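Undergrad: Shown below is the structure under consideration.
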Amino acid sequence: MEKILFCLSIALFSGLLLSRLAKLVKLPAVTAYLVAGILVGPFCLGAFGVQGLGFTALDISSEKFSIISDVALGFIAFSIGNEFRMSELKQIGKKATIIGIFQAVFTTLVVDAALITLHFIIPDKFPIEAAIILGAVASATAPAATLMVVKQYKAKGPVTSTLLPVVALDDAVGLVLFSISFGIAGAIHSGKPDFLSIIVSPLLEVILSILLGALMGFVFTFIERFFHSRSKRLSISVAFVFLTVAISKLSFHIGDLHVTFSPLLSCMMLGTIFCNICDFSAELMDRLDRWTGPIFILFFVLSGAELELSVFADGIILLIGFAYIVFRCLGKYFGARFSADISKAEPNVKKFLGITLFPQAGVALGMAMKAEEFGGEIGHLVANITLFSVLIYELVGPFLTKISLQKAGEIDPEGQRSHRIKHHDREKNHDKIL
């Protein structure tokens with residue numbers, strides 16, 4: 001227990017210190033957290049095996065750290081769900097739906113086409129099953145990285161208001177696409193097509209996850225009214241996110257059908273129901289954001305520490321990873337641009353939205369871990385390529401998101417100044433008035 005707490009303190013300190021350096025060069029904090037994780041991870045400082053200097057491979061492999069990722073993704077999804085307010089969605093809901101679905105499917109098709117072509121060029125090195133699975137992994141966007149950039153710079157405008165619901169829809173569509181692609185890849189691998197695994201299971205997972213989140217949302221809102229102090233309302237909010245994550249991790253069989261839930265979709269629906277039927281949800285979310293700050297730092301630092309830099313030593317993985325990154329970016333950019341044009345979105349949305357969808361992390365890594373069930377070459381290949389691409393996307397993606405929102409005019413320069421400076425300015429202005 002002492003060692004785990006020591007590792008967590010290292011993660012927090014390293015993330016906070018790197019974020020100060022990142023601010024000097026005007027990089028998003030989430031990028032700093034990932035770089036901090038790499039530096040204290042088993043391939044850098046952790047390689048020396050000195051306790052207190054970094055994470056060893058044994059430290060990172062501890063399942064006790066996985067609860068941090070589960071909880072962080074739960075709160076991230078809950079926060080995204082709070083962006084689905086009916087009053088706001090009446091204006092952008094149709095656009096966000098069209099863009100969210102179209103660009104995710106378009107990206108999968110583009111990456112599938114590119115990687116399947118690559119399979120025919122190097123069939124011995126790159127199985128077609130891995131190409132199909134990676135095509136679906138490409139659809140996922142990192143809600144955590146996107147949300148952190150938006151919150152850090154207090155971005156506000158048409159691109160931002162379209163981006164958050166698109167990211168949420170993107171992952172919902174991505175989960176369906178992945179389940180279908182995973183089933184097809186499994187059928188090809190075994191030579192026995194399975195209708196249940198290809199069609200029924202993924203659709204049932206999405207439907208049940210949404211129903212679970214909706215049920216928890218109604219119960220949450222009903223119980224919330226019995227607590228009046230801010231601290232107790234905050235506590236019950238945290239408890240319901242924990243509970244929803246826990247229930248959505250359950251799975252069972254009905255005959256040959258394997259029934260599972262998606263924690264991301266369930267928590268997203270929990271937030272959606274809560275923000276639409278609770279009068280004080282906005283105030284409570286503001287308090288919750290402050291509480292979850294350290295959890296998000298730990299999530300990104302630990303994610304950075306888990307990235308295996310050894311993947312750079314394999315030339316084939318580098319080639320496939322490069323193709324995956326390039327064609328995924330093309331799919332996201334042009335998919336968002338085409339769908340924004342179809343939905344008659346604002347010019348800035350057409351121009352900049354696609355770039356803000358480049359970051360990729362938690363959901364994609366979860367898909368990659370699922371792909372490891374294949375075992376052998378296919379599972380290992382998908383995991384390594386995903387890890388390689390996540391490293392690139394999370395180092396570059398948040399920075400590109402920030403630049404895009406700046407060029408769209410949705411980041412107020414005043415919002416980037418520290419709280420202390422703003423407070424000092426207010427005091428000066430107050431003195432002038434007096």
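Note on naming: chains are A, B, ... as they come in the structure tokens, residues start from 1 per chain, ligands start from 1 in the order shown.
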I'd like the contact shell of stretch 358-364 of chain A - 9 Å cut-off, only C-alpha atoms, skipping same-chain residues fewer than 3 positions apart - returned as a ChimeraX atom specification.
TA: /A:69,73,137-146,171,174-175,264,303,328-329,332-333,354-355,367-369,386-387,389-398,400-401
Undergrad: Extract, using only C-alpha atoms, all DNA, RNA and protein residues at most 10 Å from stretch 382-385 of chain A, discarding same-chain residues fewer than 3 positions from it, and format them as a PyMOL selection string.
TA: chain A and resi 126+129-131+133-134+137+307-312+314+316-322+324-325+364-372+374+377-379+388-391
Undergrad: Given the selection you just returned, output its residues as a file containing C-alpha atoms, formatted as a tab-separated table (two decimals), in the first residue's frame.
TA:
chain	number	residue	atom	x	y	z
A	126	PHE	CA	0.33	-7.73	-41.45
A	129	GLU	CA	-7.73	-9.27	-39.14
A	130	ALA	CA	-5.40	-6.66	-37.60
A	131	ALA	CA	-6.17	-4.24	-40.47
A	133	ILE	CA	-9.68	-4.08	-36.15
A	134	LEU	CA	-7.39	-1.05	-36.48
A	137	VAL	CA	-10.01	1.68	-33.46
A	307	LEU	CA	3.36	3.49	-23.39
A	308	GLU	CA	6.01	1.00	-24.51
A	309	LEU	CA	8.73	2.92	-26.33
A	310	SER	CA	10.19	-0.40	-27.52
A	311	VAL	CA	7.66	-0.35	-30.38
A	312	PHE	CA	9.93	2.15	-32.14
A	314	ASP	CA	10.30	-2.54	-35.08
A	316	ILE	CA	7.19	-2.85	-39.72
A	317	ILE	CA	5.25	-1.44	-36.79
A	318	LEU	CA	6.60	2.01	-37.60
A	319	LEU	CA	5.48	1.67	-41.23
A	320	ILE	CA	1.99	0.43	-40.34
A	321	GLY	CA	1.73	2.95	-37.52
A	322	PHE	CA	2.68	5.81	-39.85
A	324	TYR	CA	-2.55	4.38	-39.63
A	325	ILE	CA	-1.82	7.88	-38.29
A	364	ALA	CA	-8.67	3.42	-28.29
A	365	LEU	CA	-6.40	1.82	-25.69
A	366	GLY	CA	-9.41	-0.03	-24.27
A	367	MET	CA	-10.21	-1.33	-27.74
A	368	ALA	CA	-6.58	-2.40	-28.17
A	369	MET	CA	-6.66	-4.32	-24.88
A	370	LYS	CA	-9.82	-6.06	-26.07
A	371	ALA	CA	-8.06	-6.96	-29.32
A	372	GLU	CA	-5.37	-8.75	-27.31
A	374	PHE	CA	-6.93	-12.72	-30.16
A	377	GLU	CA	0.63	-11.92	-33.57
A	378	ILE	CA	-2.72	-10.18	-34.23
A	379	GLY	CA	-3.42	-9.02	-30.67
A	388	PHE	CA	2.53	3.97	-30.90
A	389	SER	CA	-0.21	6.09	-32.47
A	390	VAL	CA	-1.59	7.18	-29.10
A	391	LEU	CA	1.87	8.43	-28.13
Undergrad: Could you check the closest approach to A:Thr244 for each of A:Ser229, A:Ser201, A:Thr160, A:Ser262 and tell me which residue wins, using only C-alpha atoms?
TA: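 Counting only C-alpha atoms, the residue closest to A:Thr244 is A:Ser262.
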Undergrad: Of the candidates A:Val301, A:Ile4, A:Ile121, A:Val105, which shows the shortest atom-to-atom distance to A:Leu18, using only C-alpha atoms?
TA: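 Result for the nearest residue to A:Leu18: A:Val301.
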Undergrad: Compare A:Ala172, A:Ala239, A:Arg230, A:Phe334 by their minimum atom-to-atom distance to A:Ile207, counting only C-alpha atoms, and give me the closest one.
TA: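 For A:Ile207, the nearest of the candidates is A:Ala172.
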Undergrad: For A:Thr31, which residue among A:Ile247, A:Ile297, A:Ile184, A:Val167 is the nearest when counting only C-alpha atoms?
TA: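 Going through A:Ile247, A:Ile297, A:Ile184, A:Val167 one by one, the smallest distance to A:Thr31 is for A:Ile297.
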Undergrad: So which bits of stretch 97-327 of chain A end up strand (DSSP E or B) when you DSSP the backbone, as a list in words?
TA: Ser251, Phe252, His253, Ile254, Leu257, His258, Val259 and Thr260 of chain A
Undergrad: Restricting the calculation to only C-alpha atoms, which member of A:Lys156, A:Ala29, A:Val349, A:Phe78 is positioned closest to A:Phe240?
TA: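 Closest candidate: A:Phe78.
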Undergrad: I need the residue nearest A:Asp341 from this list: A:Lys95, A:Lys90, A:Lys23, A:His189. Use only C-alpha atoms for the distance.
TA: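 Closest candidate: A:Lys95.
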Undergrad: Residues of stretch 344-396 of chain A classed as helix (DSSP H, G or I) by DSSP on the backbone are to be reported as number ranges by chain.
TA: A: 347-356, 362-374, 376-396
Undergrad: Find the residues around A:Ile38 up to 10 Å (only C-alpha atoms counted), leave out those fewer than 3 positions away in its own chain, and share them as a short mmCIF file (atom, residue, chain, number, x, y, z; two decimals) with C-alpha atoms, in the first residue's frame.
TA:
data_model
loop_
_atom_site.label_atom_id
_atom_site.label_comp_id
_atom_site.auth_asym_id
_atom_site.auth_seq_id
_atom_site.Cartn_x
_atom_site.Cartn_y
_atom_site.Cartn_z
CA ALA A 32 2.72 17.74 -20.20
CA TYR A 33 1.06 14.99 -18.15
CA LEU A 34 1.75 12.40 -20.85
CA VAL A 35 5.38 13.48 -21.23
CA GLY A 41 7.97 5.42 -16.72
CA PRO A 42 9.85 2.11 -17.02
CA PHE A 43 11.67 3.19 -20.20
CA CYS A 44 13.25 6.34 -18.70
CA LEU A 45 13.78 7.09 -14.99
CA GLY A 46 11.95 3.93 -13.96
CA GLY A 54 10.09 6.55 -11.32
CA PHE A 55 7.80 3.63 -12.17
CA VAL A 301 0.59 10.42 -16.25
CA LEU A 302 -0.05 6.70 -15.73
CA SER A 303 -1.18 6.39 -19.37
CA GLY A 304 2.08 7.97 -20.49
CA ALA A 305 4.07 5.61 -18.26
CA GLU A 306 2.33 2.59 -19.83
CA LEU A 307 3.36 3.49 -23.39
CA GLU A 308 6.01 1.00 -24.51
CA LEU A 309 8.73 2.92 -26.33
CA LEU A 391 1.87 8.43 -28.13
#
Undergrad: Can you tell me, as number ranges by chain, what residues are no more than 10 Å from A:Pro294 when counting only C-alpha atoms, ignoring any on the same chain fewer than 6 positions away?
TA: A: 11-12, 15-16, 72
Undergrad: In Å, rounded to a single decimal, give me how far atom CA of A:Phe65 is from atom CA of A:Leu8.
TA: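 Calculated distance between atom CA of A:Leu8 and atom CA of A:Phe65 is 9.0 Å.
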Undergrad: Just to confirm, what's the straight-line distance from atom CA of A:Phe106 to atom CA of A:Gly93 in Å (one decimal)?
TA: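 Those two atoms sit 19.7 Å apart.
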Undergrad: Could you tell me how far atom CA of A:Pro28 sits from atom CA of A:Ser9, in Å to one decimal place?
TA: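 Atom CA of A:Pro28 lies 21.5 Å from atom CA of A:Ser9.
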